[in-house]
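One structure below.
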Amino acid sequence: MAGDDPTISVRDDGPVRVVTVERPERRNAYDRATAEALAAAFRAFDADDALSVAVLTGAGGTFCAGADLHGVAAGRGNRVTEDGDGPMGVTRLRLGKPVIAAIEGFAVAGGLEVAAWCDLRVAARDAVLGVYCRRFGVPLVDLGTIRLPRLIGHSRAMDLILTGRGVDGEEALTMGLVNRVTERDGALEGAIELAHQLAAFPQLCLRGDRLSAIEQWGMTEDDALQNELRHGRATISSGETQAGAARFRSGEGRGGRPT
């Protein structure tokens, strides 16, 4: 299937939705229209009960070079307001299902912030991730200064944020900035394979644990404990846990084998 906006394409691979930014002539930098279309595409994914996991990528061998500075220079910059969606569209969304970034080429500036918004990141070895906007006086306003320290720790985040240097896929893996590394041109295939692995798990439990891990950042330890329990009880009450226990009793998944 195709998206309504020409800058975004959407296709489904069973329970996995693949969303591709289609602006290779701008290295998939987002202008306002692209940011809005991307946010709409992910809201549609989240609302579709037939879908479990999404993969976000970019056309032409580049994930995203950030905000479209040509539009910014011409006075047609991305929306920067306290309410509503973030400048890059998706970065303030809290979805109920996981998203995996498939990173080829550059994921820099706002593109790095979008990658950090995703739950998991699969990158090619020669991909480049960095706060390239440092050199142009463009601030991180898509939660980059918040998510990067949480993902990789304060010291490593400050290295990226202050120097603006780029790191390749291998270094990004060592610092925890990406979760998997593939050979060149293999990130999308790797991300889709990982997405199907997630989609095969019992979904209510996976989504509840995911949200508990995300929501705990703004809570005290006691409140986080209660929130985790609330999500866990919802899974148990659904019957999903009992069904899984019955499968285990029958011999499925013993010794850590996939089910």
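Just so we're on the same page: first chain in the structure tokens is A, next is B, and so on; residues restart at 1 for each chain, and ligands are numbered from 1 in the order they show up.
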
Taking only residues of range 24-119 of chain A that have an atom at most 10 Å from an atom of range 169-184 of chain A, what is each one's shortest atom pair and its distance in Å to one decimal, using only C-alpha atoms, in chain and number order, as CSV?
residue,atom,partner,partner_atom,distance
A:Gly61,CA,A:Arg184,CA,9.3
A:Ile100,CA,A:Asn179,CA,9.9
A:Ala101,CA,A:Val178,CA,9.2
A:Ala102,CA,A:Arg180,CA,9.7
A:Ile103,CA,A:Gly169,CA,8.9
A:Glu104,CA,A:Arg184,CA,7.3
A:Gly105,CA,A:Arg184,CA,8.9
A:Leu112,CA,A:Leu177,CA,9.8
A:Ala115,CA,A:Val178,CA,9.0
A:Ala116,CA,A:Leu177,CA,8.0
A:Asp119,CA,A:Asn179,CA,9.6

Check your understanding: What lies within 6 Å of range 150-167 of chain A using only C-alpha atoms, ignoring chain neighbours under 2 positions off, as a PyMOL selection string?
Key -> chain A and resi 128-132+134+147-148+171+176

Using only C-alpha atoms, tabulate the residues of range 62-155 of chain A lying at most 9 Å from any atom of range 42-47 of chain A, each with its closest atom pair and that distance in Å to one decimal, by chain and increasing residue number, as a tab-separated table.
residue	atom	partner	partner_atom	distance
A:Val90	CA	A:Phe42	CA	7.6
A:Leu93	CA	A:Arg43	CA	8.4
A:Leu95	CA	A:Asp46	CA	6.2
A:Gly96	CA	A:Asp46	CA	6.5
A:Lys97	CA	A:Asp46	CA	6.6

Once you have the residues from the selection above, write them out as a compact mmCIF listing (two decimals), in the first residue's frame, restricted to N, CA and C atoms.
# COMPACT_ATOMS: atom_id res chain seq x y z
N VAL A 90 7.26 12.83 14.50
CA VAL A 90 6.92 11.67 15.34
C VAL A 90 7.50 11.72 16.74
N LEU A 93 5.39 11.46 19.86
CA LEU A 93 4.36 10.43 19.90
C LEU A 93 4.77 9.33 20.88
N LEU A 95 3.60 5.69 21.17
CA LEU A 95 2.79 4.65 20.56
C LEU A 95 2.63 3.47 21.52
N GLY A 96 1.63 2.65 21.24
CA GLY A 96 1.40 1.46 22.04
C GLY A 96 2.12 0.24 21.51
N LYS A 97 2.85 0.38 20.40
CA LYS A 97 3.55 -0.74 19.76
C LYS A 97 4.97 -0.31 19.38

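If you measure from each of A:Asp12, A:Glu36, A:Glu221, A:Glu240 to Gly208 in chain A using only C-alpha atoms, the closest one turns out to be A:Glu240.
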
Practice item. Could you tell me how far CA of Glu113 in chain A lies from CA of Asp142 in chain A, in Å and to one decimal? Key: 6.0 Å

Review point. Which residue out of A:His231, A:Glu25, A:Arg210, A:Pro202 has the minimum interatomic distance to Ala243 in chain A when only C-alpha atoms are used?
Key: A:Pro202

Point to revise | Contact residues around Ala191 in chain A with only C-alpha atoms at 8 Å, ignoring same-chain residues under 2 positions, as a PyMOL selection string | key: chain A and resi 55+100-102+121-122+187-189+193-195

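Between CA of Asn78 in chain A and CA of Cys118 in chain A the interatomic distance comes to 20.0 Å.
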
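Relative to CA of Ala124 in chain A, CA of Asp209 in chain A is found at 28.1 Å.
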
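You can rank A:Ala54, A:Ala67, A:Ala59, A:Ala123 by their closest distance to Ala33 in chain A using only C-alpha atoms, and at the top of that list sits A:Ala67.
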